[in-house]
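The file entry-v5.tsv comes next; it holds TSV, C-alpha atoms.
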chain	number	residue	atom	x	y	z
A	1	MET	CA	0.00	0.00	0.00
A	2	GLU	CA	2.63	2.39	-1.18
A	3	VAL	CA	1.97	6.12	-1.21
A	4	LYS	CA	5.61	7.16	-0.97
A	5	ASN	CA	6.38	10.25	-3.03
A	6	LYS	CA	2.77	10.53	-4.13
A	7	ARG	CA	1.51	14.10	-4.11
A	8	ILE	CA	-1.63	14.08	-1.95
A	9	LEU	CA	-4.09	16.86	-1.07
A	10	ILE	CA	-6.22	16.52	2.07
A	11	THR	CA	-9.08	18.89	2.89
A	12	GLY	CA	-10.42	19.22	6.41
A	13	ALA	CA	-7.00	18.18	7.66
A	14	THR	CA	-7.06	20.16	10.88
A	15	SER	CA	-9.01	17.69	12.98
A	16	GLY	CA	-10.57	14.26	13.28
A	17	ILE	CA	-10.43	11.92	10.30
A	18	GLY	CA	-8.63	14.36	7.97
A	19	LYS	CA	-5.90	14.98	10.52
A	20	GLU	CA	-5.31	11.28	11.13
A	21	ILE	CA	-5.12	10.55	7.41
A	22	ALA	CA	-2.65	13.41	6.96
A	23	LYS	CA	-0.46	11.86	9.64
A	24	SER	CA	-0.62	8.40	8.02
A	25	CYS	CA	0.20	9.77	4.57
A	26	PHE	CA	3.12	11.77	5.92
A	27	GLU	CA	4.53	8.78	7.80
A	28	ALA	CA	4.23	6.71	4.62
A	29	GLY	CA	6.36	9.21	2.72
A	30	ALA	CA	3.74	11.09	0.71
A	31	ASN	CA	4.26	14.70	-0.30
A	32	LEU	CA	1.41	16.40	1.44
A	33	LEU	CA	-0.66	19.50	0.89
A	34	ILE	CA	-3.19	20.06	3.65
A	35	THR	CA	-5.97	22.59	3.94
A	36	GLY	CA	-8.14	23.87	6.74
A	37	ARG	CA	-9.70	27.09	7.96
A	38	SER	CA	-7.66	27.49	11.13
A	39	GLU	CA	-4.13	28.88	10.82
A	40	GLU	CA	-3.39	27.82	14.38
A	41	LYS	CA	-4.48	24.21	13.86
A	42	LEU	CA	-2.61	23.91	10.55
A	43	SER	CA	0.47	25.29	12.23
A	44	HIS	CA	0.20	22.69	15.00
A	45	ILE	CA	-0.06	19.87	12.47
A	46	ARG	CA	3.04	21.12	10.65
A	47	GLN	CA	4.86	21.26	13.99
A	48	ASP	CA	3.77	17.68	14.76
A	49	LEU	CA	4.72	16.36	11.33
A	50	SER	CA	7.21	18.52	9.48
A	51	ASN	CA	7.54	21.96	7.99
A	52	SER	CA	7.94	20.20	4.65
A	53	VAL	CA	4.19	19.61	4.74
A	54	GLU	CA	2.59	22.34	2.69
A	55	ALA	CA	-0.45	23.98	4.22
A	56	VAL	CA	-3.03	26.33	2.77
A	57	ILE	CA	-5.29	28.28	5.10
A	58	ALA	CA	-8.52	28.30	3.13
A	59	ASP	CA	-12.25	28.11	3.58
A	60	ILE	CA	-13.13	25.91	0.63
A	61	LYS	CA	-16.79	26.89	0.89
A	62	LEU	CA	-15.71	30.12	-0.77
A	63	ASP	CA	-14.59	30.61	-4.39
A	64	SER	CA	-11.60	32.53	-3.06
A	65	GLY	CA	-10.67	29.68	-0.70
A	66	ARG	CA	-10.81	27.08	-3.44
A	67	ALA	CA	-8.80	29.37	-5.73
A	68	LYS	CA	-6.08	29.60	-3.05
A	69	VAL	CA	-5.83	25.82	-2.88
A	70	VAL	CA	-5.82	25.38	-6.65
A	71	ASP	CA	-3.11	28.03	-7.03
A	72	LYS	CA	-0.88	26.12	-4.65
A	73	VAL	CA	-1.22	22.74	-6.35
A	74	LYS	CA	1.19	21.74	-9.10
A	75	SER	CA	0.07	18.14	-9.64
A	76	LEU	CA	-1.79	15.50	-7.65
A	77	ASP	CA	-1.70	11.73	-7.36
A	78	GLY	CA	-4.27	11.55	-4.61
A	79	LEU	CA	-6.98	13.56	-2.86
A	80	VAL	CA	-8.82	12.95	0.37
A	81	LEU	CA	-11.85	15.18	0.77
A	82	ALA	CA	-12.57	15.15	4.47
A	83	ALA	CA	-13.91	18.65	5.08
A	84	GLY	CA	-17.40	18.54	6.52
A	85	VAL	CA	-19.84	19.46	9.25
A	86	ILE	CA	-22.40	17.49	11.23
A	87	ASP	CA	-25.94	18.65	11.86
A	88	TYR	CA	-28.83	17.43	13.99
A	89	THR	CA	-31.75	19.57	12.90
A	90	PRO	CA	-35.07	17.70	12.88
A	91	LEU	CA	-37.23	18.21	9.78
A	92	LYS	CA	-39.60	20.55	11.64
A	93	PHE	CA	-36.77	23.06	12.08
A	94	VAL	CA	-34.99	22.69	8.76
A	95	THR	CA	-34.63	26.08	7.06
A	96	GLU	CA	-33.26	27.09	3.68
A	97	LYS	CA	-30.29	28.61	5.50
A	98	LYS	CA	-29.55	25.33	7.30
A	99	VAL	CA	-29.82	23.34	4.07
A	100	ASP	CA	-27.40	25.75	2.40
A	101	GLU	CA	-24.96	25.69	5.32
A	102	VAL	CA	-24.68	21.91	5.48
A	103	PHE	CA	-24.61	21.30	1.72
A	104	ALA	CA	-22.17	24.18	1.21
A	105	ILE	CA	-19.35	22.31	2.89
A	106	ASN	CA	-20.33	18.63	2.80
A	107	PHE	CA	-21.24	18.64	-0.89
A	108	LYS	CA	-20.63	21.84	-2.84
A	109	ALA	CA	-17.20	22.77	-1.53
A	110	ASN	CA	-15.63	19.37	-2.16
A	111	ILE	CA	-17.24	18.91	-5.59
A	112	LEU	CA	-16.39	22.43	-6.78
A	113	LEU	CA	-12.82	22.03	-5.60
A	114	LEU	CA	-12.53	18.87	-7.70
A	115	GLN	CA	-14.05	20.73	-10.66
A	116	SER	CA	-11.43	23.47	-10.40
A	117	LEU	CA	-8.56	21.01	-10.09
A	118	LEU	CA	-9.77	19.09	-13.13
A	119	GLN	CA	-10.18	22.25	-15.18
A	120	LYS	CA	-6.59	23.11	-14.37
A	121	LYS	CA	-5.56	19.58	-15.45
A	122	ILE	CA	-3.46	18.99	-12.36
A	123	ILE	CA	-4.89	15.65	-11.32
A	124	ASN	CA	-2.52	13.07	-12.78
A	125	LYS	CA	-3.52	9.95	-14.68
A	126	GLY	CA	-3.80	7.08	-12.21
A	127	ALA	CA	-4.69	9.41	-9.34
A	128	SER	CA	-7.07	8.32	-6.62
A	129	ILE	CA	-9.81	10.50	-5.14
A	130	VAL	CA	-11.27	9.44	-1.79
A	131	LEU	CA	-14.38	11.16	-0.44
A	132	ILE	CA	-15.30	10.78	3.21
A	133	SER	CA	-19.03	10.11	3.35
A	134	SER	CA	-20.93	8.53	6.24
A	135	ILE	CA	-22.97	5.46	7.11
A	136	SER	CA	-25.69	8.01	7.90
A	137	SER	CA	-26.21	8.33	4.14
A	138	LYS	CA	-27.58	4.78	4.05
A	139	VAL	CA	-29.75	4.58	7.15
A	140	GLY	CA	-32.48	6.68	8.70
A	141	VAL	CA	-31.37	8.07	12.01
A	142	ALA	CA	-33.77	10.69	13.36
A	143	GLY	CA	-32.34	14.19	13.32
A	144	THR	CA	-29.69	13.53	10.67
A	145	LEU	CA	-31.70	14.66	7.63
A	146	LEU	CA	-29.34	17.32	6.30
A	147	TYR	CA	-26.13	15.53	7.18
A	148	ALA	CA	-27.34	12.20	5.74
A	149	ALA	CA	-28.74	13.82	2.59
A	150	SER	CA	-25.56	15.80	1.96
A	151	LYS	CA	-23.47	12.64	2.31
A	152	ALA	CA	-25.87	10.68	0.06
A	153	ALA	CA	-25.35	13.42	-2.51
A	154	VAL	CA	-21.60	12.83	-2.20
A	155	ASN	CA	-22.12	9.08	-2.76
A	156	ALA	CA	-24.12	9.72	-5.91
A	157	ALA	CA	-21.72	12.33	-7.24
A	158	ALA	CA	-18.76	10.04	-6.63
A	159	LYS	CA	-20.29	7.30	-8.79
A	160	VAL	CA	-20.83	9.77	-11.64
A	161	MET	CA	-17.34	11.21	-11.27
A	162	ALA	CA	-15.90	7.70	-11.31
A	163	ALA	CA	-17.58	7.13	-14.68
A	164	GLU	CA	-16.51	10.50	-16.09
A	165	LEU	CA	-12.90	10.21	-14.96
A	166	ALA	CA	-12.28	6.55	-15.78
A	167	PRO	CA	-10.96	7.38	-19.29
A	168	GLN	CA	-8.22	9.39	-17.58
A	169	LYS	CA	-7.54	6.48	-15.20
A	170	ILE	CA	-8.51	8.71	-12.28
A	171	ARG	CA	-10.31	6.66	-9.66
A	172	VAL	CA	-13.04	7.91	-7.32
A	173	ASN	CA	-14.14	5.98	-4.25
A	174	THR	CA	-16.21	6.88	-1.21
A	175	ILE	CA	-15.94	5.54	2.29
A	176	CYS	CA	-18.88	5.47	4.69
A	177	PRO	CA	-17.60	5.39	8.26
A	178	GLY	CA	-19.86	4.68	11.18
A	179	LEU	CA	-19.59	6.70	14.36
A	180	VAL	CA	-15.97	7.74	14.82
A	181	SER	CA	-14.89	9.60	17.91
A	182	THR	CA	-13.72	13.02	16.70
A	183	PRO	CA	-14.18	16.63	17.84
A	184	MET	CA	-17.03	16.84	15.29
A	185	THR	CA	-18.91	13.86	16.73
A	186	GLU	CA	-18.39	15.23	20.26
A	187	LYS	CA	-21.19	17.53	19.16
A	188	SER	CA	-23.41	14.45	18.88
A	189	PHE	CA	-22.86	13.68	22.52
A	190	GLN	CA	-23.71	17.25	23.50
A	191	ILE	CA	-26.94	17.18	21.53
A	192	MET	CA	-28.23	13.65	22.03
A	193	ASP	CA	-29.65	12.70	25.38
A	194	GLU	CA	-27.72	10.11	27.35
A	195	GLU	CA	-30.14	7.30	26.63
A	196	ALA	CA	-30.06	7.95	22.87
A	197	TRP	CA	-26.24	8.10	22.91
A	198	LYS	CA	-25.98	4.78	24.76
A	199	LYS	CA	-28.44	3.23	22.32
A	200	ALA	CA	-26.41	4.51	19.34
A	201	VAL	CA	-23.14	3.21	20.76
A	202	SER	CA	-24.68	-0.20	21.54
A	203	LYS	CA	-25.26	-0.74	17.81
A	204	TYR	CA	-21.50	-1.09	17.19
A	205	PRO	CA	-20.38	-4.71	17.74
A	206	LEU	CA	-16.74	-3.59	17.40
A	207	LYS	CA	-17.35	-0.42	19.48
A	208	ILE	CA	-17.37	3.05	17.97
A	209	GLY	CA	-14.34	3.95	15.89
A	210	LYS	CA	-11.23	6.06	16.26
A	211	PRO	CA	-9.90	8.13	13.35
A	212	SER	CA	-6.94	5.71	13.13
A	213	ASP	CA	-9.38	2.87	12.36
A	214	LEU	CA	-9.90	4.40	8.91
A	215	GLN	CA	-6.28	4.85	7.93
A	216	GLY	CA	-5.72	1.34	6.47
A	217	LEU	CA	-8.68	1.62	4.11
A	218	VAL	CA	-7.84	5.16	2.99
A	219	MET	CA	-4.17	4.27	2.42
A	220	PHE	CA	-5.30	1.25	0.38
A	221	LEU	CA	-7.55	3.43	-1.76
A	222	LEU	CA	-4.80	6.01	-2.30
A	223	SER	CA	-2.28	3.36	-3.25
A	224	ASP	CA	-1.86	1.45	-6.50
A	225	ALA	CA	-3.00	-1.69	-4.65
A	226	SER	CA	-6.56	-0.54	-5.45
A	227	SER	CA	-5.83	0.43	-9.05
A	228	TRP	CA	-8.74	-1.66	-10.43
A	229	MET	CA	-11.22	-0.11	-8.03
A	230	THR	CA	-13.40	2.87	-8.83
A	231	GLY	CA	-16.94	3.95	-7.99
A	232	GLY	CA	-16.75	2.00	-4.75
A	233	ASN	CA	-18.79	2.99	-1.74
A	234	ILE	CA	-17.28	1.18	1.18
A	235	GLU	CA	-18.82	0.80	4.60
A	236	ILE	CA	-16.35	0.82	7.48
A	237	ASP	CA	-18.48	0.88	10.57
A	238	GLY	CA	-17.45	-1.56	13.27
A	239	GLY	CA	-20.31	-3.84	12.30
A	240	TYR	CA	-23.04	-1.21	12.60
A	241	SER	CA	-24.58	-2.36	9.31
A	242	LEU	CA	-25.09	-5.84	10.75
A	243	ASN	CA	-28.15	-4.39	12.48
A	244	GLY	CA	-29.85	-4.36	9.07
B	1	MET	CA	-40.77	36.83	25.98
B	2	SER	CA	-43.04	35.66	28.76
B	3	LEU	CA	-43.23	32.29	30.45
B	4	GLU	CA	-46.76	31.90	29.08
B	5	ILE	CA	-45.62	32.36	25.46
B	6	PHE	CA	-42.71	29.98	26.02
B	7	VAL	CA	-44.97	27.28	27.47
B	8	ASN	CA	-47.22	27.56	24.41
B	9	GLN	CA	-44.24	27.25	22.08
B	10	PHE	CA	-42.93	24.27	24.02
B	11	ALA	CA	-46.35	22.59	23.94
B	12	ASN	CA	-46.66	23.18	20.19
B	13	GLN	CA	-43.66	20.94	19.53
B	14	PHE	CA	-45.71	17.90	20.54
B	15	ASP	CA	-47.95	16.24	17.97
B	16	ASP	CA	-49.97	13.78	20.03
B	17	THR	CA	-50.15	15.56	23.35
B	18	ASP	CA	-52.98	17.98	24.01
B	19	PRO	CA	-51.30	21.40	24.52
B	20	SER	CA	-53.66	22.06	27.43
B	21	GLU	CA	-51.93	19.21	29.29
B	22	ILE	CA	-48.68	21.16	29.28
B	23	THR	CA	-48.16	23.90	31.85
B	24	ALA	CA	-45.13	25.60	33.35
B	25	GLN	CA	-45.06	22.93	36.07
B	26	THR	CA	-45.29	19.94	33.72
B	27	GLU	CA	-42.43	17.49	34.14
B	28	PHE	CA	-41.98	16.99	30.43
B	29	ARG	CA	-39.97	13.76	30.61
B	30	LYS	CA	-43.01	12.05	32.10
B	31	LEU	CA	-45.07	12.80	28.99
B	32	GLU	CA	-45.68	9.69	26.92
B	33	GLU	CA	-44.58	11.49	23.75
B	34	TRP	CA	-41.20	12.56	25.16
B	35	SER	CA	-38.33	10.89	23.25
B	36	SER	CA	-34.80	11.46	21.99
B	37	ILE	CA	-36.20	13.20	18.89
B	38	MET	CA	-38.06	15.59	21.23
B	39	VAL	CA	-34.68	16.45	22.76
B	40	LEU	CA	-33.40	17.44	19.30
B	41	THR	CA	-36.65	19.28	18.61
B	42	ILE	CA	-36.46	21.41	21.77
B	43	ILE	CA	-32.76	22.12	21.20
B	44	SER	CA	-33.56	23.19	17.62
B	45	MET	CA	-36.46	25.34	18.84
B	46	MET	CA	-34.08	27.16	21.17
B	47	ASP	CA	-31.64	27.79	18.33
B	48	THR	CA	-34.25	28.81	15.75
B	49	GLU	CA	-36.57	30.87	17.93
B	50	TYR	CA	-34.12	32.38	20.39
B	51	GLY	CA	-30.65	32.00	18.86
B	52	VAL	CA	-29.55	30.09	21.96
B	53	ILE	CA	-27.41	26.96	21.84
B	54	MET	CA	-28.75	24.63	24.50
B	55	SER	CA	-27.02	21.27	25.03
B	56	ALA	CA	-28.64	17.98	25.97
B	57	GLU	CA	-26.88	18.35	29.32
B	58	ASP	CA	-28.54	21.75	29.86
B	59	LEU	CA	-31.88	20.15	29.10
B	60	ARG	CA	-31.08	17.16	31.29
B	61	GLN	CA	-30.80	19.50	34.28
B	62	CYS	CA	-34.39	20.66	33.79
B	63	GLN	CA	-37.39	18.89	35.21
B	64	SER	CA	-40.29	21.21	34.37
B	65	VAL	CA	-41.09	23.44	31.42
B	66	ALA	CA	-40.46	26.43	33.69
B	67	ASP	CA	-36.96	25.05	34.36
B	68	VAL	CA	-36.31	25.07	30.61
B	69	TYR	CA	-37.56	28.65	30.40
B	70	ASN	CA	-35.25	29.70	33.24
B	71	LYS	CA	-32.33	27.88	31.62
B	72	LEU	CA	-33.08	29.78	28.42
B	73	LEU	CA	-32.98	33.09	30.30
B	74	ASP	CA	-29.67	32.06	31.93
B	75	LEU	CA	-28.13	31.18	28.57
B	76	GLU	CA	-29.43	34.38	26.98
B	77	SER	CA	-27.97	36.53	29.74
B	78	ALA	CA	-24.67	34.63	29.58
B	79	GLY	CA	-24.55	35.77	25.94
Translate the structure described by the file into structure tokens.
Amino acid sequence: MEVKNKRILITGATSGIGKEIAKSCFEAGANLLITGRSEEKLSHIRQDLSNSVEAVIADIKLDSGRAKVVDKVKSLDGLVLAAGVIDYTPLKFVTEKKVDEVFAINFKANILLLQSLLQKKIINKGASIVLISSISSKVGVAGTLLYAASKAAVNAAAKVMAAELAPQKIRVNTICPGLVSTPMTEKSFQIMDEEAWKKAVSKYPLKIGKPSDLQGLVMFLLSDASSWMTGGNIEIDGGYSLNG
Amino acid sequence: MSLEIFVNQFANQFDDTDPSEITAQTEFRKLEEWSSIMVLTIISMMDTEYGVIMSAEDLRQCQSVADVYNKLLDLESAG
């Protein structure tokens, strides 16, 4: 599962899953470009890893943020699109503003960034694109309407992109993690009542995940070991899906 | 905002409970319709109607509807 010397871009790299993947890629010898909104957090990651890791402070929800990232990139062999937000608004309180906020980052930002990179022709033949979706996109958990729908949109878009980019030998795969303990999912614990949280956790035969539990799969997808794999939508959920 | 208006708003979030059953003194967790989705609903109501971020822990500390109202006032004054 070699990613050594591959040029890899990771969005949402300042915390949780994106941060862990950045660490794994760096340790495996990839040339990394990481993005995030927080200068302080990006600086900490560079201190933890190396100053050779390139970082772009950018809000990729904005045209200007995406343009900053695209300007910095020379060529890419891999992308991990991990930027996202969680949301627990029940249908009764969904507003147009909420829909726009959640889709702006979980769907639009990542897709439009890919569009810009493709237009600039800086994604190399044989490159691998990995989108971080969620098991929520496949089940109906009350309160997750916007989050689940935005991730389902990512799943659908990834299949289409896989078809469109196959002639260029660019692969697109999506992973659907179950509940992974990250600063973002801490919000779940703050919002769900204790009973609901315990019930959610009890649905994981292998316990809830850690960001490091995803690294093997993502490294596999970034590497040439998965070179015949595109359009995949892979569940990695500690057995959550066994519940039917 | 008065307690009376708040109680009405709170009661309106329920679909199968007669709003007249819900008063300031009602211990809302004892209502048959209370559930984890009601927790999300009340938290969303606080955000949408009052611009206040209330956590499940804040709500957990409340027994009656009046407790929720007082917690709202506390959170509003805390900014």
10 Å contacts from chain A to chain B using all atoms listed in the file, as a ChimeraX atom specification: /A:88-95,141-143,187-197
Keeping only C-alpha atoms, take the residues you just selected and write them out as a PDB file, in the coordinates of the input.
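What landed in out_20.pdb:
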ATOM      1  CA  TYR A  88     -28.830  17.430  13.990  1.00  0.00           C
ATOM      2  CA  THR A  89     -31.750  19.570  12.900  1.00  0.00           C
ATOM      3  CA  PRO A  90     -35.070  17.700  12.880  1.00  0.00           C
ATOM      4  CA  LEU A  91     -37.230  18.210   9.780  1.00  0.00           C
ATOM      5  CA  LYS A  92     -39.600  20.550  11.640  1.00  0.00           C
ATOM      6  CA  PHE A  93     -36.770  23.060  12.080  1.00  0.00           C
ATOM      7  CA  VAL A  94     -34.990  22.690   8.760  1.00  0.00           C
ATOM      8  CA  THR A  95     -34.630  26.080   7.060  1.00  0.00           C
ATOM      9  CA  VAL A 141     -31.370   8.070  12.010  1.00  0.00           C
ATOM     10  CA  ALA A 142     -33.770  10.690  13.360  1.00  0.00           C
ATOM     11  CA  GLY A 143     -32.340  14.190  13.320  1.00  0.00           C
ATOM     12  CA  LYS A 187     -21.190  17.530  19.160  1.00  0.00           C
ATOM     13  CA  SER A 188     -23.410  14.450  18.880  1.00  0.00           C
ATOM     14  CA  PHE A 189     -22.860  13.680  22.520  1.00  0.00           C
ATOM     15  CA  GLN A 190     -23.710  17.250  23.500  1.00  0.00           C
ATOM     16  CA  ILE A 191     -26.940  17.180  21.530  1.00  0.00           C
ATOM     17  CA  MET A 192     -28.230  13.650  22.030  1.00  0.00           C
ATOM     18  CA  ASP A 193     -29.650  12.700  25.380  1.00  0.00           C
ATOM     19  CA  GLU A 194     -27.720  10.110  27.350  1.00  0.00           C
ATOM     20  CA  GLU A 195     -30.140   7.300  26.630  1.00  0.00           C
ATOM     21  CA  ALA A 196     -30.060   7.950  22.870  1.00  0.00           C
ATOM     22  CA  TRP A 197     -26.240   8.100  22.910  1.00  0.00           C
TER      23      TRP A 197
END
Dump as a list in words all residues having an atom at most 7 Å from (-9.1, 26.7, 5.7), computed in the file's coordinates with only C-alpha atoms. Thr35, Gly36, Arg37, Ser38, Val56, Ile57, Ala58, Asp59 and Ile60 of chain A
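The interatomic distance for the pair atom CA of Ala162 of chain A and atom CA of Leu131 of chain A works out to 11.5 Å.
Interatomic distance, atom CA of Leu165 of chain A against atom CA of Trp228 of chain A: 13.4 Å.
The interatomic distance for the pair atom CA of Leu75 of chain B and atom CA of Thr144 of chain A works out to 25.2 Å.
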Nearest to Thr182 of chain A among A:Asn5, A:Ser227, A:Ser15, A:Asn124, with distances taken over all atoms listed in the file: which residue is it? A:Ser15
Tell me which protein, DNA and RNA residues are within 9 Å of segment 209-216 of chain A, counting only C-alpha atoms, leaving out same-chain ones fewer than 3 positions away, and put them as an NGL selection string. :A and (1 or 16-21 or 24-25 or 177-182 or 204 or 206 or 219-221 or 236-238)
Quick one: which segment 118-172 of chain A residues come within 7 Å of segment 65-85 of chain A, and what is the nearest atom pair for each with the distance in Å to one decimal, counting all atoms listed in the file, rows ordered by chain and ascending number, as CSV?
residue,atom,partner,partner_atom,distance
A:Ile122,CA,A:Ser75,CA,4.5
A:Ile123,CA,A:Leu76,CA,4.8
A:Asn124,CA,A:Asp77,CA,5.6
A:Ala127,CA,A:Asp77,CA,4.3
A:Ser128,CA,A:Gly78,CA,4.7
A:Ile129,CA,A:Leu79,CA,4.8
A:Val130,CA,A:Val80,CA,4.8
A:Leu131,CA,A:Leu81,CA,4.9
A:Ile132,CA,A:Ala82,CA,5.3
Residues from the last selection, C-alpha atoms, saved as a PDB file, in the coordinates of the input:
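Writing done, so here's part-v8.pdb:
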ATOM      1  CA  ILE A 122      -3.460  18.990 -12.360  1.00  0.00           C
ATOM      2  CA  ILE A 123      -4.890  15.650 -11.320  1.00  0.00           C
ATOM      3  CA  ASN A 124      -2.520  13.070 -12.780  1.00  0.00           C
ATOM      4  CA  ALA A 127      -4.690   9.410  -9.340  1.00  0.00           C
ATOM      5  CA  SER A 128      -7.070   8.320  -6.620  1.00  0.00           C
ATOM      6  CA  ILE A 129      -9.810  10.500  -5.140  1.00  0.00           C
ATOM      7  CA  VAL A 130     -11.270   9.440  -1.790  1.00  0.00           C
ATOM      8  CA  LEU A 131     -14.380  11.160  -0.440  1.00  0.00           C
ATOM      9  CA  ILE A 132     -15.300  10.780   3.210  1.00  0.00           C
TER      10      ILE A 132
END
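For the set B:Met46, B:Leu31, B:Leu73, B:Ile22, the residue with the smallest atom-to-atom gap to Asn8 of chain B is B:Ile22, counting all atoms listed in the file.
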Place a sphere of radius 6 Å on (-5.0, 10.4, -14.8) in the file coordinates and name every protein, DNA or RNA residue with an atom inside or on its surface, counting all atoms listed in the file; give the answer as a ChimeraX atom specification. /A:124-127,168-170
Long-range neighbours of Ser64 of chain B as a ChimeraX atom specification, 7 Å cut-off, all atoms listed in the file, 5 positions minimum in chain: /B:24-28
Using C-alpha atoms, can you write the selected residues to a file as a PDB file, in the coordinates of the input?
ATOM      1  CA  ALA B  24     -45.130  25.600  33.350  1.00  0.00           C
ATOM      2  CA  GLN B  25     -45.060  22.930  36.070  1.00  0.00           C
ATOM      3  CA  THR B  26     -45.290  19.940  33.720  1.00  0.00           C
ATOM      4  CA  GLU B  27     -42.430  17.490  34.140  1.00  0.00           C
ATOM      5  CA  PHE B  28     -41.980  16.990  30.430  1.00  0.00           C
TER       6      PHE B  28
END
Nearest candidate to Met1 of chain B (options B:Gln63, B:Lys71, B:Tyr50, B:Glu33; using all atoms listed in the file): B:Tyr50
Counting all atoms listed in the file, what is within 9 Å of Val7 of chain B, bar same-chain residues fewer than 5 positions away, as a PyMOL selection string? chain B and resi 2+12+22-24+65-66+69
Please write the residues from the selection above to a file, keeping C-alpha atoms, as a JSON list (two decimals), in the frame of the given file.
[["chain", "number", "residue", "atom", "x", "y", "z"],
["B", 2, "SER", "CA", -43.04, 35.66, 28.76],
["B", 12, "ASN", "CA", -46.66, 23.18, 20.19],
["B", 22, "ILE", "CA", -48.68, 21.16, 29.28],
["B", 23, "THR", "CA", -48.16, 23.90, 31.85],
["B", 24, "ALA", "CA", -45.13, 25.60, 33.35],
["B", 65, "VAL", "CA", -41.09, 23.44, 31.42],
["B", 66, "ALA", "CA", -40.46, 26.43, 33.69],
["B", 69, "TYR", "CA", -37.56, 28.65, 30.40]]
Name the residues in contact with Ala153 of chain A at a cut-off of 9 Å, using all atoms listed in the file, excluding same-chain residues fewer than 4 positions from it; report them as number ranges by chain. A: 103, 106-107, 137, 148-149, 157-158
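Proximity of B:Glu76, B:Glu32, B:Leu3, B:Asn70 to Asp18 of chain B, computed with all atoms listed in the file, is greatest for B:Glu32.
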